[in-house]
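Reproduced below: run_24.txt, with compact mmCIF, C-alpha atoms and all ligand atoms.
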```txt
# COMPACT_ATOMS: atom_id res chain seq x y z
CA MET W 155 -38.84 4.21 -4.00
CA VAL W 156 -40.54 6.83 -1.93
CA ILE W 157 -41.02 6.13 1.71
CA ILE W 158 -41.66 8.35 4.64
CA MET W 159 -38.74 8.20 7.01
CA CYS W 160 -38.20 9.31 10.54
CA PHE W 161 -34.70 9.38 12.00
CA SER W 162 -33.98 9.45 15.66
CA LEU W 163 -30.90 11.56 16.19
CA THR W 164 -30.82 11.24 19.95
CA ALA W 165 -27.22 11.13 21.05
CA PRO W 166 -26.03 8.39 23.38
CA ALA W 167 -24.74 9.45 26.76
CA ALA W 168 -21.54 11.39 26.31
CA GLN W 169 -18.40 9.71 27.52
CA VAL W 170 -16.35 12.29 29.35
CA ASP W 171 -12.66 11.83 29.84
CA ALA W 172 -11.97 13.75 33.04
CA SER W 173 -8.28 14.04 32.25
CA SER W 174 -9.07 15.69 29.00
CA ARG W 175 -10.11 19.26 29.61
CA VAL W 176 -10.33 22.42 27.56
CA THR W 177 -9.37 25.72 29.15
CA VAL W 178 -10.76 28.87 27.60
CA VAL W 179 -11.38 32.46 28.59
CA TYR W 180 -15.11 33.19 28.50
CA LYS W 181 -16.59 36.53 29.52
CA GLY W 182 -13.25 37.57 30.98
CA LYS W 183 -12.88 34.49 33.19
CA THR W 184 -10.77 31.39 32.75
CA LYS W 185 -12.99 28.32 32.57
CA SER W 186 -12.22 24.65 32.26
CA PHE W 187 -14.57 22.28 30.46
CA GLY W 188 -14.52 18.51 30.02
CA GLY W 189 -15.39 16.33 27.06
CA LYS W 190 -12.49 17.44 24.90
CA LYS W 191 -12.57 16.32 21.27
CA THR W 192 -9.94 17.32 18.74
CA TYR W 193 -11.80 16.32 15.60
CA ALA W 194 -15.24 15.77 14.11
CA TYR W 195 -16.51 14.53 10.78
CA VAL W 196 -18.31 16.78 8.31
CA ASN W 197 -19.70 14.98 5.28
CA ASN W 198 -17.32 12.10 6.01
CA SER W 199 -14.25 14.36 6.04
CA LYS W 200 -12.26 14.48 9.23
CA ILE W 201 -11.98 18.08 10.45
CA LYS W 202 -9.21 18.64 12.97
CA VAL W 203 -9.97 21.15 15.67
CA ALA W 204 -6.97 20.53 17.95
CA LYS W 205 -6.38 24.25 18.49
CA GLN W 206 -10.05 25.00 19.04
CA PRO W 207 -11.16 21.76 20.69
CA ILE W 208 -14.75 20.76 21.14
CA PHE W 209 -15.85 20.76 24.79
CA LEU W 210 -18.92 20.02 26.88
CA LYS W 211 -21.17 22.71 28.31
CA ASN W 212 -24.54 21.84 29.89
CA GLY W 213 -24.08 18.34 28.42
CA CYS W 214 -23.78 19.76 24.90
CA TYR W 215 -20.77 19.51 22.67
CA MET W 216 -19.58 22.99 21.79
CA GLY W 217 -17.65 23.32 18.54
CA PRO W 218 -15.91 26.10 16.62
CA VAL W 219 -18.18 27.73 14.03
CA ASN W 220 -15.54 28.66 11.48
CA LYS W 221 -13.87 25.27 11.20
CA LEU W 222 -16.95 23.08 11.31
CA PHE W 223 -19.58 25.20 9.55
CA LYS W 224 -17.98 27.97 7.52
CA LYS W 225 -14.79 26.45 6.14
CA SER W 226 -16.08 22.87 5.87
CA SER W 227 -17.97 21.53 2.88
CA LEU W 228 -21.19 22.78 4.48
CA LYS W 229 -20.11 26.33 3.57
CA VAL W 230 -22.44 27.95 6.07
CA THR W 231 -22.49 31.73 5.68
CA VAL W 232 -21.33 33.25 8.95
CA LYS W 233 -21.45 36.86 10.06
CA SER W 234 -20.21 38.02 13.42
CA SER W 235 -20.94 41.48 14.71
CA GLY W 236 -20.15 42.29 18.33
CA ASN W 237 -22.20 39.94 20.49
CA THR W 238 -24.30 38.66 17.59
CA LEU W 239 -23.62 35.68 15.36
CA THR W 240 -25.69 35.06 12.23
CA MET W 241 -25.48 31.74 10.41
CA GLN W 242 -27.21 30.89 7.15
CA TYR W 243 -27.42 27.43 5.63
CA ARG W 244 -29.53 27.17 2.49
CA SER W 245 -32.79 28.90 3.37
CA ASN W 246 -32.37 28.72 7.15
CA VAL W 247 -31.06 31.71 9.07
CA ILE W 248 -30.29 31.59 12.78
CA VAL W 249 -29.21 34.46 14.99
CA LEU W 250 -27.34 33.75 18.23
CA LYS W 251 -26.06 35.95 21.06
CA ASN W 252 -22.92 35.47 23.11
CA GLY W 253 -23.77 33.85 26.44
CA SER W 254 -27.41 33.25 25.55
CA ARG W 255 -29.38 30.09 24.89
CA ASN W 256 -31.94 32.11 22.96
CA VAL W 257 -31.85 31.74 19.20
CA THR W 258 -33.94 33.12 16.38
CA VAL W 259 -34.63 30.64 13.59
CA ASN W 260 -36.05 32.20 10.44
CA GLY W 261 -37.53 34.90 12.67
CA GLU W 262 -38.94 32.53 15.32
CA LYS W 263 -37.48 32.40 18.80
CA SER W 264 -36.46 29.20 20.53
CA ARG W 265 -34.06 28.08 23.23
CA MET W 266 -30.97 25.93 22.78
CA SER W 267 -29.61 23.45 25.32
CA ALA W 268 -26.45 25.52 25.81
CA PRO W 269 -25.48 29.11 25.00
CA ALA W 270 -23.47 30.37 22.06
CA MET W 271 -20.07 31.36 23.41
CA GLN W 272 -17.29 33.66 22.28
CA VAL W 273 -14.25 32.04 23.80
CA THR W 274 -10.50 32.65 23.71
CA TYR W 275 -8.65 29.38 23.18
CA PRO W 276 -5.16 28.71 24.58
CA SER W 277 -3.74 29.72 21.18
CA GLY W 278 -4.95 33.25 21.92
CA LYS W 279 -7.63 33.24 19.22
CA THR W 280 -11.13 34.34 20.10
CA LYS W 281 -13.79 32.36 18.25
CA TRP W 282 -17.44 31.42 18.38
CA ALA W 283 -18.26 28.02 19.82
CA VAL W 284 -21.84 26.82 19.56
CA PRO W 285 -23.84 23.81 20.81
CA LEU W 286 -23.45 21.61 17.76
CA LYS W 287 -26.60 19.54 18.06
CA SER W 288 -28.85 22.53 18.75
CA VAL W 289 -27.39 24.54 15.89
CA CYS W 290 -27.36 21.66 13.39
CA SER W 291 -30.99 20.78 14.04
CA ARG W 292 -32.04 24.39 13.46
CA LEU W 293 -30.01 24.79 10.27
CA GLY W 294 -31.17 21.49 8.81
CA ILE W 295 -27.82 19.72 9.15
CA THR W 296 -27.74 16.14 10.39
CA TYR W 297 -25.87 15.70 13.68
CA LYS W 298 -24.94 12.35 15.14
CA LEU W 299 -22.84 11.28 18.07
CA LYS W 300 -21.86 7.67 17.77
CA ASN W 301 -19.20 5.86 19.78
CA GLY W 302 -17.94 9.23 20.94
CA VAL W 303 -17.44 10.56 17.41
CA ILE W 304 -19.36 13.60 16.18
CA LYS W 305 -20.60 13.36 12.62
CA MET W 306 -22.32 16.21 10.82
CA LYS W 307 -23.84 15.86 7.39
CA GLY W 308 -25.52 18.20 4.97
CA ALA W 309 -25.64 19.12 1.33
CA VAL W 310 -22.22 20.05 0.03
CA ASN W 311 -23.41 22.20 -2.82
CA SER W 312 -25.90 24.57 -1.31
CA ALA W 313 -25.59 26.82 -4.33
CA THR W 314 -24.22 24.62 -7.09
CA THR W 315 -25.27 26.09 -10.36
CA SER W 316 -24.71 25.07 -13.93
CA SER W 317 -24.25 28.62 -15.02
CA SER W 318 -21.88 31.31 -13.92
CA SER W 319 -23.33 33.99 -16.16
CA SER W 320 -25.42 35.68 -13.54
CA SER W 321 -25.58 36.07 -9.80
CA SER W 322 -29.29 36.73 -9.84
CA ASN W 323 -31.67 34.15 -8.45
CA SER W 324 -34.56 35.28 -10.52
CA SER W 325 -35.23 33.61 -13.81
CA ALA W 326 -37.40 36.51 -14.83
CA GLU W 327 -34.50 38.95 -14.70
CA ASN W 328 -31.96 37.07 -16.74
CA GLY W 329 -34.21 35.07 -19.02
CA GLN W 330 -32.87 31.78 -17.71
CA ILE W 331 -35.01 28.86 -16.70
CA THR W 332 -34.34 28.00 -13.07
CA LEU W 333 -34.50 24.31 -12.42
CA VAL W 334 -33.98 22.17 -9.33
CA LEU W 335 -32.91 18.59 -9.96
CA ASP W 336 -33.14 16.19 -7.07
CA ALA W 337 -31.32 12.87 -6.80
CA GLY W 338 -33.43 10.83 -4.39
CA HIS W 339 -32.00 9.58 -1.09
CA GLY W 340 -28.23 9.69 -0.40
CA GLY W 341 -25.82 9.44 2.51
CA MET W 342 -27.21 7.23 5.26
CA ASP W 343 -30.41 6.77 3.25
CA SER W 344 -29.72 4.20 0.53
CA GLY W 345 -33.30 4.23 -0.73
CA ALA W 346 -34.39 0.95 -2.23
CA THR W 347 -31.86 -1.81 -2.67
CA GLY W 348 -31.98 -4.93 -4.79
CA ASN W 349 -29.97 -7.18 -7.07
CA GLY W 350 -26.76 -5.73 -5.69
CA TYR W 351 -27.70 -2.14 -6.49
CA ARG W 352 -28.62 0.87 -4.38
CA GLU W 353 -31.18 3.46 -5.40
CA LYS W 354 -29.13 6.40 -4.06
CA THR W 355 -26.22 5.52 -6.38
CA MET W 356 -28.39 5.16 -9.48
CA THR W 357 -30.30 8.39 -8.87
CA LEU W 358 -27.01 10.26 -8.45
CA SER W 359 -25.58 8.79 -11.67
CA ILE W 360 -28.67 9.88 -13.58
CA LEU W 361 -28.49 13.37 -12.08
CA LEU W 362 -24.80 13.71 -12.93
CA GLY W 363 -25.55 12.64 -16.51
CA ALA W 364 -28.09 15.45 -16.74
CA LYS W 365 -25.71 17.90 -15.05
CA ARG W 366 -23.08 17.25 -17.69
CA MET W 367 -25.57 18.54 -20.28
CA PHE W 368 -26.97 21.45 -18.27
CA ASP W 369 -23.42 22.60 -17.51
CA ASN W 370 -23.08 23.55 -21.17
CA ASP W 371 -26.46 25.17 -21.60
CA SER W 372 -26.58 28.79 -20.45
CA ARG W 373 -30.35 28.94 -20.95
CA PHE W 374 -30.63 27.18 -17.61
CA LYS W 375 -29.70 27.92 -14.06
CA VAL W 376 -29.77 24.58 -12.31
CA TYR W 377 -29.54 23.83 -8.62
CA TYR W 378 -28.85 20.28 -7.50
CA THR W 379 -30.04 18.99 -4.16
CA ARG W 380 -26.87 16.92 -4.08
CA THR W 381 -23.99 16.07 -6.40
CA SER W 382 -22.37 13.47 -4.18
CA ASP W 383 -23.33 10.86 -1.61
CA THR W 384 -24.90 13.21 0.92
CA TYR W 385 -28.35 13.33 2.50
CA PRO W 386 -30.22 16.61 2.25
CA SER W 387 -33.44 16.32 4.25
CA LEU W 388 -36.74 16.30 2.36
CA THR W 389 -37.42 19.86 3.49
CA ASP W 390 -33.90 20.89 2.39
CA ARG W 391 -34.86 19.72 -1.08
CA SER W 392 -38.10 21.64 -1.32
CA ASN W 393 -36.57 24.65 0.45
CA LEU W 394 -33.85 24.82 -2.17
CA ALA W 395 -36.44 24.98 -4.94
CA ASN W 396 -38.64 27.49 -3.11
CA ASN W 397 -35.72 29.65 -2.02
CA TYR W 398 -34.47 30.03 -5.57
CA ASP W 399 -37.99 30.41 -6.92
CA ALA W 400 -37.38 27.57 -9.35
CA ASP W 401 -39.52 27.26 -12.45
CA LEU W 402 -39.50 23.45 -12.31
CA PHE W 403 -38.62 20.75 -9.81
CA VAL W 404 -37.75 17.24 -10.99
CA SER W 405 -36.93 14.41 -8.59
CA ILE W 406 -35.18 11.22 -9.69
CA HIS W 407 -36.05 7.90 -8.03
CA ILE W 408 -35.94 4.16 -8.62
CA ASN W 409 -38.89 1.98 -7.68
CA SER W 410 -39.02 -1.25 -5.71
CA ALA W 411 -41.62 -3.96 -5.17
CA SER W 412 -41.64 -7.62 -6.14
CA ALA W 413 -39.11 -9.20 -8.50
CA SER W 414 -41.75 -9.29 -11.24
CA ALA W 415 -42.88 -5.66 -10.92
CA HIS W 416 -41.63 -3.59 -13.83
CA GLY W 417 -42.04 -0.36 -15.72
CA THR W 418 -41.62 3.40 -15.58
CA GLU W 419 -43.95 5.82 -13.81
CA THR W 420 -43.99 9.51 -12.98
CA LEU W 421 -45.62 10.90 -9.86
CA TYR W 422 -47.21 14.30 -9.43
CA ASN W 423 -49.57 15.86 -6.92
CA SER W 424 -52.98 16.61 -8.44
CA SER W 425 -54.13 18.50 -5.37
CA ARG W 426 -51.30 21.01 -5.89
CA ASN W 427 -51.56 21.19 -9.67
CA THR W 428 -53.36 24.53 -9.78
CA VAL W 429 -51.69 26.33 -6.88
CA THR W 430 -48.21 25.46 -8.14
CA ALA W 431 -48.84 26.44 -11.76
CA LYS W 432 -46.17 28.87 -12.93
CA ASN W 433 -45.76 30.77 -16.19
CA GLY W 434 -48.49 28.63 -17.70
CA LEU W 435 -46.75 25.37 -16.74
CA THR W 436 -48.30 22.75 -14.47
CA SER W 437 -47.13 19.63 -12.70
CA ARG W 438 -49.52 17.43 -14.66
CA GLU W 439 -48.22 18.72 -18.02
CA LEU W 440 -44.64 18.40 -16.88
CA ALA W 441 -45.23 14.87 -15.59
CA THR W 442 -47.04 13.89 -18.79
CA TYR W 443 -44.20 15.05 -21.02
CA ILE W 444 -41.50 13.60 -18.77
CA GLN W 445 -43.27 10.24 -18.48
CA LYS W 446 -43.51 9.89 -22.27
CA SER W 447 -39.83 10.80 -22.68
CA VAL W 448 -38.56 8.58 -19.90
CA VAL W 449 -40.51 5.57 -21.16
CA SER W 450 -38.80 6.02 -24.50
CA THR W 451 -35.45 6.36 -22.68
CA THR W 452 -35.82 3.19 -20.59
CA GLY W 453 -37.83 1.13 -23.04
CA PHE W 454 -39.71 -0.23 -20.02
CA THR W 455 -43.47 -0.70 -19.69
CA ASN W 456 -45.40 2.55 -19.44
CA ARG W 457 -47.10 2.53 -16.02
CA GLY W 458 -48.38 6.04 -16.59
CA LEU W 459 -48.81 8.96 -14.22
CA LYS W 460 -49.48 8.37 -10.55
CA ASN W 461 -51.18 10.92 -8.38
CA ARG W 462 -49.45 11.15 -5.00
CA THR W 463 -50.57 13.66 -2.42
CA ASP W 464 -48.45 12.28 0.43
CA LEU W 465 -44.91 13.07 -0.68
CA SER W 466 -42.93 15.85 0.94
CA VAL W 467 -41.15 17.12 -2.14
CA LEU W 468 -44.39 17.23 -4.14
CA ASN W 469 -46.31 18.80 -1.26
CA ARG W 470 -43.87 21.52 -0.26
CA THR W 471 -42.55 22.70 -3.61
CA LYS W 472 -44.29 25.80 -4.93
CA MET W 473 -43.72 25.22 -8.65
CA PRO W 474 -44.56 22.52 -11.20
CA ALA W 475 -42.95 19.36 -9.84
CA CYS W 476 -42.76 15.70 -10.67
CA LEU W 477 -40.98 12.61 -9.39
CA ILE W 478 -39.74 9.98 -11.83
CA GLU W 479 -39.56 6.30 -10.90
CA TYR W 480 -37.34 5.02 -13.72
CA GLY W 481 -37.86 1.32 -13.11
CA PHE W 482 -37.74 -1.36 -10.44
CA ILE W 483 -34.51 -2.14 -8.65
CA SER W 484 -36.24 -5.30 -7.39
CA ASN W 485 -36.48 -6.53 -10.99
CA SER W 486 -33.10 -7.97 -11.99
CA THR W 487 -33.43 -7.09 -15.69
CA GLU W 488 -34.48 -3.52 -15.08
CA ALA W 489 -31.92 -3.02 -12.30
CA ARG W 490 -29.08 -4.16 -14.53
CA GLN W 491 -30.21 -1.99 -17.43
CA MET W 492 -30.74 1.11 -15.28
CA ASN W 493 -27.32 0.73 -13.74
CA ALA W 494 -25.64 0.30 -17.12
CA ASN W 495 -27.44 3.24 -18.73
CA ALA W 496 -27.78 5.75 -15.89
CA THR W 497 -25.59 8.42 -17.49
CA ARG W 498 -27.52 8.20 -20.75
CA TYR W 499 -30.79 8.41 -18.81
CA GLY W 500 -29.55 11.67 -17.33
CA GLN W 501 -28.55 13.07 -20.70
CA GLU W 502 -31.95 12.18 -22.09
CA LEU W 503 -33.66 13.70 -19.07
CA TYR W 504 -31.96 16.96 -20.03
CA GLN W 505 -33.35 16.54 -23.57
CA ALA W 506 -36.80 15.82 -22.13
CA ILE W 507 -36.82 18.99 -20.04
CA VAL W 508 -35.62 21.04 -23.01
CA GLY W 509 -38.29 19.39 -25.17
CA TYR W 510 -41.03 20.14 -22.66
CA LEU W 511 -40.06 23.80 -22.37
CA GLN W 512 -39.80 24.14 -26.14
CA SER W 513 -43.22 22.55 -26.59
CA GLU W 514 -44.57 25.17 -24.19
CA GLY W 515 -42.81 28.01 -26.00
CA LYS W 516 -40.49 28.76 -23.08
CA LEU W 517 -37.18 28.14 -24.82
ZN ZN U 1 -36.83 6.66 -3.84
```

Rewrite the coordinates I just gave you, this time as structure tokens.
Amino acid sequence: MVIIMCFSLTAPAAQVDASSRVTVVYKGKTKSFGGKKTYAYVNNSKIKVAKQPIFLKNGCYMGPVNKLFKKSSLKVTVKSSGNTLTMQYRSNVIVLKNGSRNVTVNGEKSRMSAPAMQVTYPSGKTKWAVPLKSVCSRLGITYKLKNGVIKMKGAVNSATTSSSSSSSNSSAENGQITLVLDAGHGGMDSGATGNGYREKTMTLSILLGAKRMFDNDSRFKVYYTRTSDTYPSLTDRSNLANNYDADLFVSIHINSASASAHGTETLYNSSRNTVTAKNGLTSRELATYIQKSVVSTTGFTNRGLKNRTDLSVLNRTKMPACLIEYGFISNSTEARQMNANATRYGQELYQAIVGYLQSEGKL
């Protein structure tokens, strides 16, 4: 199901334990800050930061960059040079300065709620600590503070590829087809639910079935918006495809309506069909081929192509793109069948994409 979602990530008032303080050396002076936290969660993994505790500055939780961003599953690229800290997550690049609230985000300046700080912890190590909420929101990482616990979430595999044969991002240079496969929803966004099933789980199973096939096909370089139960934002998903200049973008979803609704449909954006055409391929052609293949995979009623001009991933992607709605989770028969056959659906999606590219003379 495709719905337009808006999350409020406003943190509740921070609970400060006055007896729990963090002493650091900052700009040559010893400073004491409250709000000490010795751990946070990144993609549901507990990250201990006892030696570089999180502390409060200007009402913002300040956390160590290396432990929470670089070495965690987020795998943010971090470069530190003198007073300057550069962080890259997927297509977003931010540049911070020690002691400054100013930040450059993809070349645009803005102001954070607290400064980036190079601090020396009691262990003697000097590290970058940054306002977590301000930095996460700019990098496209979800930040939540709930019941005093900090939880950060983002895509684990920002550069998961099915091929190790080349480090180039350009399909033109290495002859590979670059593909982005998107498993709808994930993490805190379950998508549609019904008959005991969750859309996010089914879409991931289908994607992993396809991945198993693409992993053994060096003609493709495939990027996955997620390969586990995480929630990349909608812009993360289109950014991934645009950043890697993908040749095709295919999004996997499961529909939902009444218990009697049934069938398979594929969505594409007719208003973007011409501007996103690439190497002679278009969204409409892709969607047409995929729809025919997926109907034969599911055996469900053919509901045909649907033109949707209001969906983020079809609006922001700059290449031929389509979004498959395999069947209805609200329909008990279809839900049961989709759940039982998700891996096969993925394998046959791989065949469908190969078939489409062969029919167009691209493979
Ligand atoms: Zn959906």

Counting all atoms listed in the file, which residues of chain W sit at most 7 Å from some atom of ligand ZN 1 (chain U), and what is each one's closest atom pair with its distance in Å to one decimal, listed by chain and rising residue number, as a Markdown table?
```
| residue | atom | partner | partner_atom | distance |
| --- | --- | --- | --- | --- |
| W:Met155 | CA | U:ZN1 | ZN | 3.2 |
| W:Val156 | CA | U:ZN1 | ZN | 4.2 |
| W:Ile157 | CA | U:ZN1 | ZN | 7.0 |
| W:Gly338 | CA | U:ZN1 | ZN | 5.4 |
| W:His339 | CA | U:ZN1 | ZN | 6.3 |
| W:Gly345 | CA | U:ZN1 | ZN | 5.3 |
| W:Ala346 | CA | U:ZN1 | ZN | 6.4 |
| W:Glu353 | CA | U:ZN1 | ZN | 6.7 |
| W:His407 | CA | U:ZN1 | ZN | 4.4 |
| W:Ile408 | CA | U:ZN1 | ZN | 5.5 |
| W:Asn409 | CA | U:ZN1 | ZN | 6.4 |
```

Region 362-407 of chain W near region 245-249 of chain W within 9 Å: what's each residue's closest atom pair and its distance in Å to one decimal, counting only C-alpha atoms, ordered by chain then ascending residue number, as JSON lines?
```
{"residue": "W:Asp390", "atom": "CA", "partner": "W:Ser245", "partner_atom": "CA", "distance": 8.1}
{"residue": "W:Asn393", "atom": "CA", "partner": "W:Ser245", "partner_atom": "CA", "distance": 6.4}
{"residue": "W:Leu394", "atom": "CA", "partner": "W:Ser245", "partner_atom": "CA", "distance": 7.0}
{"residue": "W:Asn396", "atom": "CA", "partner": "W:Ser245", "partner_atom": "CA", "distance": 8.8}
{"residue": "W:Asn397", "atom": "CA", "partner": "W:Ser245", "partner_atom": "CA", "distance": 6.2}
```

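Minimum atom-to-atom distances from W:Thr274, W:Lys375, W:Gly217, W:Ser235 to Ser288 (chain W) were compared using only C-alpha atoms, and the lowest value belongs to W:Gly217.
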
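Restricting the calculation to all atoms listed in the file, the smallest distance between Tyr480 (chain W) and any of W:Arg457, W:Arg462, W:Arg175, W:Lys281 is found for W:Arg457.
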
Choose the residue, out of W:Ser414, W:Ser405, W:Ser425, W:Thr455, that has the smallest atom-to-atom separation from Leu503 (chain W); count all atoms listed in the file. W:Ser405

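Separating CA of Asp399 (chain W) from CA of Thr428 (chain W) is a distance of 16.7 Å.
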
Shell of 12 Å around Val259 (chain W), all atoms listed in the file, local chain residues under 4 positions omitted, as JSON, numbers by chain: {"W": [240, 241, 242, 243, 245, 246, 247, 248, 249, 250, 263, 264, 265, 266, 288, 289, 290, 291, 292, 293, 294]}

Output, as AutoDock Vina command-line options, the centre and edge lengths in Å (one decimal) of the axis-aligned box that contains all listed atoms of region 449-464 of chain W with 5 Å of margin on each side.
```
--center_x -43.3 --center_y 6.5 --center_z -12.0 --size_x 25.7 --size_y 24.4 --size_z 34.9
```

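If you look at CA of Val448 (chain W) and CA of Ser424 (chain W), they are 20.1 Å away from each other.
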
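Of the residues under consideration (W:Arg255, W:His416, W:Lys279, W:Arg438), W:Lys279 shows the shortest atom-to-atom contact distance to Gln206 (chain W) when counting all atoms listed in the file.
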
Who sits within 10 Å of Val429 (chain W), all atoms listed in the file, same chain under 4 positions skipped, as a PyMOL selection string: chain W and resi 424-425+436-437+472-474

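Each of W:Gly481, W:Pro386, W:Gly363, W:Pro285 was checked against Pro218 (chain W) using only C-alpha atoms; the smallest atom-to-atom distance is that of W:Pro285.
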
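Candidate residues W:Ala268, W:Met342, W:Leu459, W:Ala337 were compared for distance to Lys365 (chain W), and the nearest is W:Ala337, using only C-alpha atoms.
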
In Å, rounded to a single decimal, give me how far CA of Gly236 (chain W) is from CA of Gly261 (chain W). 19.7 Å

Pick out the residues sitting within 10 Å of region 188-192 of chain W, and hand them over as a ChimeraX atom specification; count all atoms listed in the file, and ignore anything fewer than 2 positions along from it in its own chain. /W:168-177,186,194,201-211,213-217,302-304

Would you write out those residues with C-alpha atoms, as a CSV table (one decimal), in the frame of the given file?
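The new file selection.csv reads:
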```
chain,number,residue,atom,x,y,z
W,168,ALA,CA,-21.5,11.4,26.3
W,169,GLN,CA,-18.4,9.7,27.5
W,170,VAL,CA,-16.4,12.3,29.4
W,171,ASP,CA,-12.7,11.8,29.8
W,172,ALA,CA,-12.0,13.8,33.0
W,173,SER,CA,-8.3,14.0,32.2
W,174,SER,CA,-9.1,15.7,29.0
W,175,ARG,CA,-10.1,19.3,29.6
W,176,VAL,CA,-10.3,22.4,27.6
W,177,THR,CA,-9.4,25.7,29.2
W,186,SER,CA,-12.2,24.6,32.3
W,194,ALA,CA,-15.2,15.8,14.1
W,201,ILE,CA,-12.0,18.1,10.4
W,202,LYS,CA,-9.2,18.6,13.0
W,203,VAL,CA,-10.0,21.2,15.7
W,204,ALA,CA,-7.0,20.5,18.0
W,205,LYS,CA,-6.4,24.2,18.5
W,206,GLN,CA,-10.0,25.0,19.0
W,207,PRO,CA,-11.2,21.8,20.7
W,208,ILE,CA,-14.8,20.8,21.1
W,209,PHE,CA,-15.8,20.8,24.8
W,210,LEU,CA,-18.9,20.0,26.9
W,211,LYS,CA,-21.2,22.7,28.3
W,213,GLY,CA,-24.1,18.3,28.4
W,214,CYS,CA,-23.8,19.8,24.9
W,215,TYR,CA,-20.8,19.5,22.7
W,216,MET,CA,-19.6,23.0,21.8
W,217,GLY,CA,-17.6,23.3,18.5
W,302,GLY,CA,-17.9,9.2,20.9
W,303,VAL,CA,-17.4,10.6,17.4
W,304,ILE,CA,-19.4,13.6,16.2
```

Compile the contact shell of region 430-434 of chain W as a PyMOL selection string: residues with an atom at most 10 Å away, counting all atoms listed in the file, same-chain residues fewer than 6 positions apart removed. chain W and resi 400-402+423+468-475+514+516

I need every residue sitting at most 6 Å from the point (-30.9, 27.9, -17.1) (coordinates as in the file, all atoms listed in the file considered), written as a ChimeraX atom specification. /W:330-332,372-376
